[in-house]
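target_38.txt follows; it contains compact mmCIF, C-alpha atoms and all ligand atoms.
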# COMPACT_ATOMS: atom_id res chain seq x y z
CA MET A 138 82.40 73.13 90.01
CA ASN A 139 84.33 72.51 93.20
CA LYS A 140 87.29 74.87 93.18
CA HIS A 141 88.64 73.50 96.46
CA ALA A 142 90.70 70.42 95.77
CA SER A 143 92.29 68.32 98.45
CA ALA A 144 94.67 65.37 98.61
CA THR A 145 91.67 63.07 98.15
CA ASP A 146 90.48 64.67 94.89
CA ASP A 147 91.11 62.94 91.59
CA THR A 148 92.23 66.17 89.90
CA GLY A 149 95.85 65.06 89.68
CA PRO A 150 99.04 65.62 91.66
CA LEU A 151 99.46 69.23 90.52
CA THR A 152 96.25 70.24 92.27
CA GLN A 153 96.69 68.36 95.53
CA GLY A 154 96.50 70.69 98.50
CA ARG A 155 95.78 73.70 96.31
CA GLU A 156 92.83 76.08 96.40
CA PHE A 157 92.24 75.99 92.62
CA ILE A 158 92.52 73.17 90.11
CA TRP A 159 95.90 73.55 88.42
CA SER A 160 97.14 71.68 85.37
CA ASP A 161 100.07 71.59 82.95
CA GLN A 162 97.74 73.18 80.38
CA ASP A 163 97.10 76.17 82.68
CA PHE A 164 100.85 76.62 83.13
CA ALA A 165 101.50 76.28 79.38
CA ARG A 166 98.83 78.87 78.61
CA ILE A 167 100.19 81.41 81.11
CA LYS A 168 103.72 80.73 79.89
CA SER A 169 102.71 81.47 76.30
CA LEU A 170 100.76 84.63 77.20
CA ILE A 171 103.52 86.22 79.31
CA TYR A 172 106.07 85.35 76.63
CA GLN A 173 103.97 87.11 73.98
CA ARG A 174 103.28 90.15 76.15
CA ALA A 175 106.57 90.65 78.04
CA GLY A 176 109.14 88.31 76.47
CA ILE A 177 109.51 86.52 79.81
CA SER A 178 110.43 82.85 79.34
CA LEU A 179 109.11 80.77 82.22
CA HIS A 180 110.71 77.38 82.74
CA ASP A 181 108.98 74.38 84.31
CA GLY A 182 110.53 75.07 87.72
CA LYS A 183 108.21 78.09 87.98
CA HIS A 184 104.93 76.16 88.46
CA ALA A 185 104.59 77.03 92.15
CA MET A 186 105.45 80.70 91.63
CA VAL A 187 102.99 81.07 88.75
CA TYR A 188 100.23 79.24 90.61
CA SER A 189 100.65 81.44 93.67
CA ARG A 190 100.86 84.75 91.81
CA ILE A 191 98.00 84.14 89.39
CA SER A 192 95.79 82.62 92.12
CA ARG A 193 95.75 86.12 93.59
CA ARG A 194 94.39 87.45 90.28
CA LEU A 195 91.65 84.78 90.31
CA ARG A 196 90.60 85.87 93.81
CA GLU A 197 90.74 89.58 92.93
CA THR A 198 88.68 89.13 89.77
CA GLY A 199 86.22 86.62 91.22
CA HIS A 200 87.14 83.60 89.08
CA ASP A 201 87.06 80.06 90.39
CA SER A 202 89.30 78.40 87.79
CA PHE A 203 92.42 79.24 85.83
CA LYS A 204 90.61 78.32 82.63
CA GLY A 205 87.79 80.73 83.39
CA TYR A 206 90.22 83.51 84.29
CA LEU A 207 92.42 82.97 81.22
CA ASP A 208 89.41 82.75 78.84
CA TRP A 209 88.15 86.04 80.29
CA LEU A 210 91.62 87.63 80.10
CA GLU A 211 92.08 86.67 76.46
CA HIS A 212 88.73 88.18 75.48
CA ASN A 213 89.39 91.32 77.42
CA ASP A 214 91.45 94.27 76.23
CA GLY A 215 91.28 96.01 79.58
CA ALA A 216 93.33 96.72 82.65
CA GLU A 217 93.66 93.09 83.71
CA TRP A 218 96.44 92.53 81.17
CA GLN A 219 98.60 95.00 83.08
CA GLU A 220 97.74 93.24 86.37
CA PHE A 221 98.60 89.88 84.78
CA ILE A 222 102.01 91.24 83.70
CA ASN A 223 102.63 92.94 87.06
CA ALA A 224 101.89 89.63 88.80
CA LEU A 225 104.49 87.72 86.80
CA THR A 226 107.46 90.09 86.87
CA THR A 227 110.23 89.55 89.39
CA ASN A 228 111.33 92.86 90.86
CA LEU A 229 114.27 92.07 93.12
CA THR A 230 116.62 95.06 93.36
CA ALA A 231 118.70 97.06 95.85
CA PHE A 232 120.51 100.37 96.26
CA PHE A 233 123.95 100.23 94.62
CA ARG A 234 123.43 96.62 93.55
CA GLU A 235 126.55 95.55 91.64
CA GLN A 236 128.53 98.43 93.12
CA HIS A 237 131.32 98.34 90.53
CA HIS A 238 128.96 99.74 87.87
CA PHE A 239 128.52 102.94 89.85
CA SER A 240 132.29 103.43 90.19
CA ILE A 241 132.62 102.98 86.42
CA LEU A 242 129.75 105.40 85.80
CA ALA A 243 131.47 107.96 88.07
CA ASP A 244 134.79 107.53 86.19
CA HIS A 245 133.09 108.18 82.86
CA LEU A 246 131.22 111.19 84.22
CA ARG A 247 134.45 112.61 85.63
CA LYS A 248 136.07 112.28 82.20
CA LYS A 249 133.16 114.19 80.66
CA GLY A 250 133.73 117.00 83.19
CA PRO A 251 131.47 119.21 85.31
CA GLY A 252 129.77 120.83 82.28
CA ALA A 253 128.60 117.44 80.97
CA THR A 254 124.90 116.91 80.20
CA PRO A 255 124.64 113.13 80.21
CA ARG A 256 121.52 111.34 79.03
CA ILE A 257 120.89 108.14 80.99
CA TRP A 258 118.23 105.45 80.62
CA CYS A 259 117.46 102.99 83.41
CA SER A 260 115.41 100.45 81.47
CA ALA A 261 114.29 98.01 84.20
CA THR A 262 113.82 100.45 87.05
CA SER A 263 111.77 98.19 89.33
CA THR A 264 111.00 99.93 92.65
CA GLY A 265 113.54 102.73 92.08
CA GLU A 266 116.62 101.75 94.07
CA GLU A 267 118.67 101.52 90.86
CA PRO A 268 117.76 104.92 89.35
CA TYR A 269 118.21 106.70 92.69
CA SER A 270 121.65 105.06 92.99
CA ILE A 271 122.44 106.40 89.51
CA ALA A 272 121.17 109.87 90.45
CA MET A 273 123.29 109.93 93.65
CA THR A 274 126.33 108.91 91.61
CA VAL A 275 125.74 111.72 89.11
CA LEU A 276 125.23 114.37 91.80
CA ASP A 277 128.17 113.17 93.91
CA THR A 278 130.41 113.24 90.82
CA LEU A 279 129.24 116.30 88.87
CA GLY A 280 127.95 118.37 91.78
CA SER A 281 124.48 119.35 92.97
CA GLY A 282 123.92 121.60 89.92
CA ALA A 283 124.50 118.73 87.46
CA ASN A 284 122.45 119.05 84.31
CA TYR A 285 121.52 115.53 83.37
CA SER A 286 118.51 113.53 82.23
CA LEU A 287 117.58 110.20 83.79
CA GLN A 288 114.78 108.36 81.99
CA CYS A 289 113.42 105.47 84.06
CA SER A 290 111.14 102.78 82.75
CA ASP A 291 109.78 99.34 83.47
CA ILE A 292 106.95 97.19 82.12
CA ASP A 293 105.43 96.88 85.61
CA THR A 294 103.21 99.84 86.58
CA LYS A 295 103.05 98.86 90.25
CA VAL A 296 106.80 99.03 90.83
CA LEU A 297 106.99 102.30 88.89
CA ALA A 298 104.47 103.83 91.32
CA THR A 299 106.69 102.75 94.23
CA ALA A 300 109.74 104.18 92.45
CA ALA A 301 108.03 107.52 91.86
CA ALA A 302 106.91 107.70 95.51
CA GLY A 303 110.53 107.17 96.63
CA VAL A 304 109.68 105.85 100.10
CA TYR A 305 111.77 102.96 101.45
CA LYS A 306 112.27 101.02 104.63
CA ALA A 307 115.18 102.51 106.57
CA GLU A 308 116.86 99.09 106.62
CA ASN A 309 117.06 99.18 102.79
CA VAL A 310 119.37 102.24 102.84
CA LYS A 311 121.74 100.91 105.49
CA GLY A 312 124.54 100.45 102.92
CA LEU A 313 124.54 104.13 101.93
CA THR A 314 127.11 106.55 103.35
CA ALA A 315 126.12 108.95 106.13
CA ASP A 316 126.74 111.78 103.65
CA GLN A 317 124.37 110.26 101.05
CA LEU A 318 121.67 109.71 103.68
CA ARG A 319 121.92 113.29 104.88
CA LYS A 320 122.03 114.82 101.39
CA TYR A 321 119.40 112.72 99.61
CA PHE A 322 116.91 111.30 102.16
CA LEU A 323 114.42 112.54 104.73
CA LYS A 324 113.93 110.39 107.82
CA GLY A 325 110.33 109.49 108.63
CA LYS A 326 108.92 110.56 111.99
CA GLY A 327 105.88 109.42 114.00
CA ASN A 328 103.78 107.08 111.84
CA ASN A 329 106.52 107.15 109.21
CA SER A 330 109.36 106.17 111.51
CA GLY A 331 111.32 103.25 110.11
CA TYR A 332 110.97 104.73 106.61
CA VAL A 333 112.97 107.22 104.53
CA ARG A 334 111.86 109.34 101.58
CA VAL A 335 114.10 110.58 98.77
CA LYS A 336 114.44 114.36 98.69
CA PRO A 337 112.97 116.27 95.74
CA GLU A 338 116.53 117.25 94.67
CA LEU A 339 117.22 113.60 93.90
CA GLN A 340 114.05 113.28 91.82
CA LYS A 341 114.52 116.54 89.96
CA HIS A 342 115.99 115.16 86.72
CA ILE A 343 114.13 111.84 86.75
CA ASP A 344 111.12 110.77 84.65
CA PHE A 345 109.28 107.51 85.27
CA PHE A 346 107.16 105.83 82.57
CA THR A 347 106.33 102.41 81.16
CA VAL A 348 108.37 100.91 78.35
CA ASN A 349 108.04 97.32 77.26
CA LEU A 350 111.52 96.28 76.13
CA ILE A 351 110.15 93.78 73.62
CA GLN A 352 107.89 96.28 71.84
CA ASP A 353 109.10 98.41 69.00
CA ASN A 354 107.54 101.65 70.24
CA TRP A 355 110.16 103.13 72.54
CA PRO A 356 109.44 106.83 73.05
CA PHE A 357 112.99 108.23 72.81
CA ARG A 358 113.96 110.94 70.33
CA GLU A 359 117.58 111.48 71.38
CA PRO A 360 120.26 108.85 71.95
CA PHE A 361 121.67 107.98 75.38
CA ASP A 362 125.21 108.18 76.79
CA PHE A 363 124.52 105.49 79.39
CA VAL A 364 121.99 102.66 79.50
CA PHE A 365 121.35 100.43 82.50
CA CYS A 366 119.65 97.22 81.41
CA ARG A 367 120.41 95.00 84.36
CA ASN A 368 118.90 91.70 85.47
CA VAL A 369 116.03 91.79 83.01
CA MET A 370 117.41 90.20 79.82
CA ILE A 371 118.06 87.11 81.94
CA TYR A 372 114.31 86.43 81.62
CA PHE A 373 114.42 86.63 77.79
CA ASP A 374 115.43 83.94 75.30
CA ALA A 375 118.43 84.49 72.99
CA ALA A 376 116.39 85.74 70.00
CA THR A 377 114.54 88.28 72.16
CA GLN A 378 117.80 89.41 73.78
CA ARG A 379 119.29 90.04 70.35
CA ARG A 380 116.31 92.13 69.19
CA VAL A 381 116.38 94.19 72.40
CA LEU A 382 120.16 94.70 72.12
CA GLU A 383 119.78 95.93 68.52
CA ARG A 384 117.13 98.40 69.64
CA ILE A 385 119.26 99.60 72.59
CA HIS A 386 122.15 100.05 70.14
CA ARG A 387 119.98 102.27 67.90
CA ASN A 388 119.08 104.40 70.96
CA MET A 389 122.67 105.01 72.12
CA LYS A 390 125.46 107.35 71.08
CA PRO A 391 128.61 105.70 69.68
CA GLY A 392 130.98 105.29 72.63
CA GLY A 393 128.05 105.17 75.08
CA MET A 394 128.19 102.63 77.90
CA LEU A 395 125.75 99.77 78.53
CA PHE A 396 125.58 98.19 81.99
CA VAL A 397 124.07 94.70 82.26
CA GLY A 398 123.40 92.24 85.06
CA HIS A 399 125.92 89.89 86.64
CA ALA A 400 124.50 86.81 84.87
CA GLU A 401 124.08 88.47 81.47
CA ASN A 402 126.67 88.07 78.73
CA PHE A 403 126.49 89.75 75.34
CA THR A 404 130.03 89.15 74.11
CA ASP A 405 128.50 87.47 71.00
CA ALA A 406 127.01 90.79 69.88
CA LYS A 407 130.43 92.16 68.87
CA THR A 408 129.11 94.26 66.00
CA LEU A 409 126.93 96.17 68.50
CA PHE A 410 128.80 96.24 71.81
CA ALA A 411 132.43 95.73 72.90
CA LEU A 412 133.13 94.39 76.39
CA ARG A 413 134.97 97.04 78.44
CA GLY A 414 134.87 95.58 81.95
CA LYS A 415 132.87 93.24 84.17
CA THR A 416 129.37 93.32 82.55
CA VAL A 417 130.01 96.76 81.01
CA TYR A 418 129.90 97.29 77.24
CA GLU A 419 130.74 100.16 74.93
CA ARG A 420 128.31 100.91 72.10
CA VAL A 421 130.26 100.33 68.86
C1 LIG B 501 114.96 91.60 88.72
S1 LIG B 501 114.34 93.21 88.34
C2 LIG B 501 115.86 94.10 88.07
C3 LIG B 501 115.80 95.49 88.64
C4 LIG B 501 117.08 96.31 88.48
N1 LIG B 501 117.36 96.57 87.09
C5 LIG B 501 118.25 95.67 89.17
O1 LIG B 501 119.12 95.12 88.48
O2 LIG B 501 118.31 95.69 90.40
C6 LIG B 501 113.72 92.99 86.66
C7 LIG B 501 112.78 94.09 86.21
O3 LIG B 501 112.56 93.94 84.80
C8 LIG B 501 111.22 94.29 84.51
N2 LIG B 501 110.81 93.70 83.23
C9 LIG B 501 110.52 92.40 82.95
N3 LIG B 501 110.16 92.27 81.66
C10 LIG B 501 110.24 93.51 81.10
C11 LIG B 501 109.99 94.01 79.79
N4 LIG B 501 109.57 93.23 78.80
N5 LIG B 501 110.16 95.33 79.58
C12 LIG B 501 110.58 96.15 80.59
N6 LIG B 501 110.81 95.74 81.84
C13 LIG B 501 110.66 94.41 82.09
C14 LIG B 501 110.46 93.75 85.71
O4 LIG B 501 109.21 94.38 85.87
C15 LIG B 501 111.42 94.03 86.87
O5 LIG B 501 111.12 95.23 87.53
Can the structure in the file be given as C-alpha cells, please?
Ligand SMILES: C[S@@+](CC[C@H](N)C(=O)[O-])C[C@H]1O[C@@H](n2cnc3c(N)ncnc32)[C@H](O)[C@@H]1O
Amino acid sequence: MNKHASATDDTGPLTQGREFIWSDQDFARIKSLIYQRAGISLHDGKHAMVYSRISRRLRETGHDSFKGYLDWLEHNDGAEWQEFINALTTNLTAFFREQHHFSILADHLRKKGPGATPRIWCSATSTGEEPYSIAMTVLDTLGSGANYSLQCSDIDTKVLATAAAGVYKAENVKGLTADQLRKYFLKGKGNNSGYVRVKPELQKHIDFFTVNLIQDNWPFREPFDFVFCRNVMIYFDAATQRRVLERIHRNMKPGGMLFVGHAENFTDAKTLFALRGKTVYERV
C-alpha cells in the first residue's frame, strides 16, 4: 500500500498533501476510543490536530496506516494505550493561571490559621505549574513550616514526569515575584542556564500520580478541603461532567472549596456545589 498520498491521489480531500491516508472513519474511530478511555469529546474541528498527533504514534510504532495502527491498538492491552492518551490530551497551563483563585485560596487558608493542616487535590496537574503555584500560596500564607498535603494527578503520564522533575524555562516564571523566585527556585548554570528548578522545600508535601477522572477508582481515603479541577471538564460532555462532579463531591469535606476553569460553569449542580465567587464553588 502506498502510504504517501499527494494532491494527485484519488484518496479523497482529507488525505491530500498528507503523509498517511486519512478518512472520516479514522477520525470517528479515534474520537470514540479517546471518549471511552479519557472522556474527551473531540469535535469535528479537531481533524488536523488528531491527524498530526496520532501520525507521530504511527511513525513511532512502525505502522503505515491509521487502520493498521488502530486495529493493533485495539487488540493490544499494553503501553501504547497510555501513549495514545498522552498524544490526545491538551496540556496548556501556566504559573498562577487565573490568579484570583490563588488569592481566594490564601484568604481561606488565613481563616483556617497557621495550625491548619489542609488537604488539597490538584486533579489536572499537567506539567506542574498549577500545583507549584498552589504550594507557593500555602507556604507564603501559612509559613515555611506549613503542614499540608497536596495530591497531584493527571491522566497523562508524560506531563506528570515533567511536573515531578520541576524544571522550567526561566521565561515561564517571569510573572513570579522576586521573593518567590528566591525562596522556591534554583537558577540553572552552565548547560542549564535559561532554566530554573523548583527547590525540594516546594516539593516536600506534594505527591504526583495518575488518576483518570472518568474512572471510578480514585485512590483517596480522606476527603479534601480544596480541589482544583481547572480547564479539564471543558473537554467532557455534560453527562460526564455530572458524574465527575458527583465523585468530587464525595471526596470533599462539607464547606470545602472547588476551583474550576474560566470557561466551566457548574451552577446547575446546586445540590452539590454553591457558587461563591468567579468559578469558585463551595461543597454543599
Ligand atoms: C488544559 S490542561 C489544564 C491544566 C491546569 N489544570 C490548568 O488549568 O492550567 C488539561 C489537563 O487535563 C488532563 N486530562 C484530560 N483528561 C483527563 C482525565 N480523564 N482525567 C484526568 N486528567 C485529564 C490533561 O492531561 C491535561 O493535562
Neighbours of ligand LIG 501 (chain B) within 6 Å, counting all atoms listed in the file, as a ChimeraX atom specification?
/A:175-176,226-231,261-263,267,291-293,348-351,367-369
File dump, residues just selected, C-alpha atoms, as a tab-separated table (two decimals), keeping the file's coordinate frame:
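In the end it all went to result-v7.tsv:
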chain	number	residue	atom	x	y	z
A	175	ALA	CA	106.57	90.65	78.04
A	176	GLY	CA	109.14	88.31	76.47
A	226	THR	CA	107.46	90.09	86.87
A	227	THR	CA	110.23	89.55	89.39
A	228	ASN	CA	111.33	92.86	90.86
A	229	LEU	CA	114.27	92.07	93.12
A	230	THR	CA	116.62	95.06	93.36
A	231	ALA	CA	118.70	97.06	95.85
A	261	ALA	CA	114.29	98.01	84.20
A	262	THR	CA	113.82	100.45	87.05
A	263	SER	CA	111.77	98.19	89.33
A	267	GLU	CA	118.67	101.52	90.86
A	291	ASP	CA	109.78	99.34	83.47
A	292	ILE	CA	106.95	97.19	82.12
A	293	ASP	CA	105.43	96.88	85.61
A	348	VAL	CA	108.37	100.91	78.35
A	349	ASN	CA	108.04	97.32	77.26
A	350	LEU	CA	111.52	96.28	76.13
A	351	ILE	CA	110.15	93.78	73.62
A	367	ARG	CA	120.41	95.00	84.36
A	368	ASN	CA	118.90	91.70	85.47
A	369	VAL	CA	116.03	91.79	83.01
Report as CSV the residues of region 277-359 of chain A within 8 Å of region 237-255 of chain A, each with its shortest atom pair and distance in Å (one decimal), using all atoms listed in the file, ordered by chain and increasing residue number.
residue,atom,partner,partner_atom,distance
A:Thr278,CA,A:Ala243,CA,6.0
A:Leu279,CA,A:Pro251,CA,5.1
A:Gly280,CA,A:Pro251,CA,7.4
A:Ala283,CA,A:Pro251,CA,7.3
A:Asn284,CA,A:Thr254,CA,5.2
A:Tyr285,CA,A:Thr254,CA,4.8
A:Ser286,CA,A:Pro255,CA,6.5
Those residues you just picked out, can you put them in a file as a JSON list (two decimals), keeping the file's coordinate frame with C-alpha atoms?
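Dumped to again39.json:
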[["chain", "number", "residue", "atom", "x", "y", "z"],
["A", 278, "THR", "CA", 130.41, 113.24, 90.82],
["A", 279, "LEU", "CA", 129.24, 116.30, 88.87],
["A", 280, "GLY", "CA", 127.95, 118.37, 91.78],
["A", 283, "ALA", "CA", 124.50, 118.73, 87.46],
["A", 284, "ASN", "CA", 122.45, 119.05, 84.31],
["A", 285, "TYR", "CA", 121.52, 115.53, 83.37],
["A", 286, "SER", "CA", 118.51, 113.53, 82.23]]
Tell me, as a short mmCIF file (atom, residue, chain, number, x, y, z; two decimals) with C-alpha atoms, in the coordinates of the input, which residues lie within 12 Å of Tyr269 (chain A), counting only C-alpha atoms; anything in the same chain fewer than 4 positions away does not count.
data_model
loop_
_atom_site.label_atom_id
_atom_site.label_comp_id
_atom_site.auth_asym_id
_atom_site.auth_seq_id
_atom_site.Cartn_x
_atom_site.Cartn_y
_atom_site.Cartn_z
CA THR A 230 116.62 95.06 93.36
CA ALA A 231 118.70 97.06 95.85
CA PHE A 232 120.51 100.37 96.26
CA PHE A 233 123.95 100.23 94.62
CA ARG A 234 123.43 96.62 93.55
CA PHE A 239 128.52 102.94 89.85
CA CYS A 259 117.46 102.99 83.41
CA THR A 262 113.82 100.45 87.05
CA SER A 263 111.77 98.19 89.33
CA THR A 264 111.00 99.93 92.65
CA GLY A 265 113.54 102.73 92.08
CA MET A 273 123.29 109.93 93.65
CA THR A 274 126.33 108.91 91.61
CA VAL A 275 125.74 111.72 89.11
CA LEU A 276 125.23 114.37 91.80
CA ASP A 277 128.17 113.17 93.91
CA LEU A 287 117.58 110.20 83.79
CA GLN A 288 114.78 108.36 81.99
CA CYS A 289 113.42 105.47 84.06
CA ALA A 300 109.74 104.18 92.45
CA ALA A 301 108.03 107.52 91.86
CA ALA A 302 106.91 107.70 95.51
CA GLY A 303 110.53 107.17 96.63
CA VAL A 304 109.68 105.85 100.10
CA TYR A 305 111.77 102.96 101.45
CA VAL A 310 119.37 102.24 102.84
CA LEU A 313 124.54 104.13 101.93
CA GLN A 317 124.37 110.26 101.05
CA LEU A 318 121.67 109.71 103.68
CA TYR A 321 119.40 112.72 99.61
CA PHE A 322 116.91 111.30 102.16
CA ARG A 334 111.86 109.34 101.58
CA VAL A 335 114.10 110.58 98.77
CA LYS A 336 114.44 114.36 98.69
CA PRO A 337 112.97 116.27 95.74
CA GLU A 338 116.53 117.25 94.67
CA LEU A 339 117.22 113.60 93.90
CA GLN A 340 114.05 113.28 91.82
CA LYS A 341 114.52 116.54 89.96
CA HIS A 342 115.99 115.16 86.72
CA ILE A 343 114.13 111.84 86.75
CA ASP A 344 111.12 110.77 84.65
CA PHE A 345 109.28 107.51 85.27
#
Shortest contact to Ser330 (chain A), candidates A:Lys306, A:Ser202, A:Lys390, A:Leu207, atoms counted all atoms listed in the file, goes to A:Lys306
Within 6 Å of Phe361 (chain A), counting all atoms listed in the file, which residues qualify if same-chain residues fewer than 5 places away don't, as a PyMOL selection string?
chain A and resi 256-257+389-390
Atoms kept (C-alpha atoms) for selection, written as a PDB file, keeping the file's coordinate frame:
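Once everything was written out, this is result-v8.pdb:
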ATOM      1  CA  ARG A 256     121.520 111.340  79.030  1.00  0.00           C
ATOM      2  CA  ILE A 257     120.890 108.140  80.990  1.00  0.00           C
ATOM      3  CA  MET A 389     122.670 105.010  72.120  1.00  0.00           C
ATOM      4  CA  LYS A 390     125.460 107.350  71.080  1.00  0.00           C
TER       5      LYS A 390
END
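Counting from CA of Pro356 (chain A), the distance to CA of His399 (chain A) is 27.3 Å.
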May I have the residues within 10 Å of Leu170 (chain A) as an mmCIF file with C-alpha atoms, in the coordinates of the input, using all atoms listed in the file and disregarding those fewer than 4 positions away in the same chain?
data_model
loop_
_atom_site.group_PDB
_atom_site.id
_atom_site.type_symbol
_atom_site.label_atom_id
_atom_site.label_comp_id
_atom_site.auth_asym_id
_atom_site.auth_seq_id
_atom_site.Cartn_x
_atom_site.Cartn_y
_atom_site.Cartn_z
ATOM 1 C CA PHE A 164 100.850 76.620 83.130
ATOM 2 C CA ALA A 165 101.500 76.280 79.380
ATOM 3 C CA ARG A 166 98.830 78.870 78.610
ATOM 4 C CA ARG A 174 103.280 90.150 76.150
ATOM 5 C CA ALA A 175 106.570 90.650 78.040
ATOM 6 C CA GLY A 176 109.140 88.310 76.470
ATOM 7 C CA ILE A 177 109.510 86.520 79.810
ATOM 8 C CA LEU A 207 92.420 82.970 81.220
ATOM 9 C CA GLU A 211 92.080 86.670 76.460
ATOM 10 C CA TRP A 218 96.440 92.530 81.170
ATOM 11 C CA PHE A 221 98.600 89.880 84.780
ATOM 12 C CA ILE A 222 102.010 91.240 83.700
#
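Taking CA of Ile158 (chain A) as the reference point, CA of Tyr172 (chain A) is found at 22.7 Å.
From CA of Leu179 (chain A) back to CA of Ile271 (chain A), the distance works out to 29.8 Å.
Minimum atom-to-atom distance to Glu308 (chain A), evaluated using all atoms listed in the file, belongs to A:Lys324 out of A:Lys324, A:Arg196, A:Glu359, A:Gln352.
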Find the residues near Gln378 (chain A): any atom within 12 Å, counting only C-alpha atoms, skip ones fewer than 4 places away on the same chain, and give them as a ChimeraX atom specification.
/A:176-178,350-351,366,368-374,382-385,397,401-403,405-406
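Nearest to Pro268 (chain A) of all the residues A:Phe203, A:Phe365, A:Phe357, A:Tyr332 is A:Phe365, based on all atoms listed in the file.
Using all atoms listed in the file, the shortest contact distance between Phe363 (chain A) and any of A:Leu195, A:Val333, A:Val417, A:Ala307 is found at A:Val417.
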If we count all atoms listed in the file and set the cut-off at 10 Å, which residues sit around Arg190 (chain A), ignoring sequence neighbours fewer than 2 positions away in its own chain? Please answer as a list in words.
Ala185, Met186, Val187, Tyr188, Ser192, Arg193, Arg194, Leu195, Phe221, Asn223, Ala224, Leu225 and Thr226 of chain A
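Each of A:Thr377, A:Ile167, A:Thr152, A:Asn354 was compared to Asp208 (chain A) using only C-alpha atoms, and A:Ile167 turns out to be the nearest.
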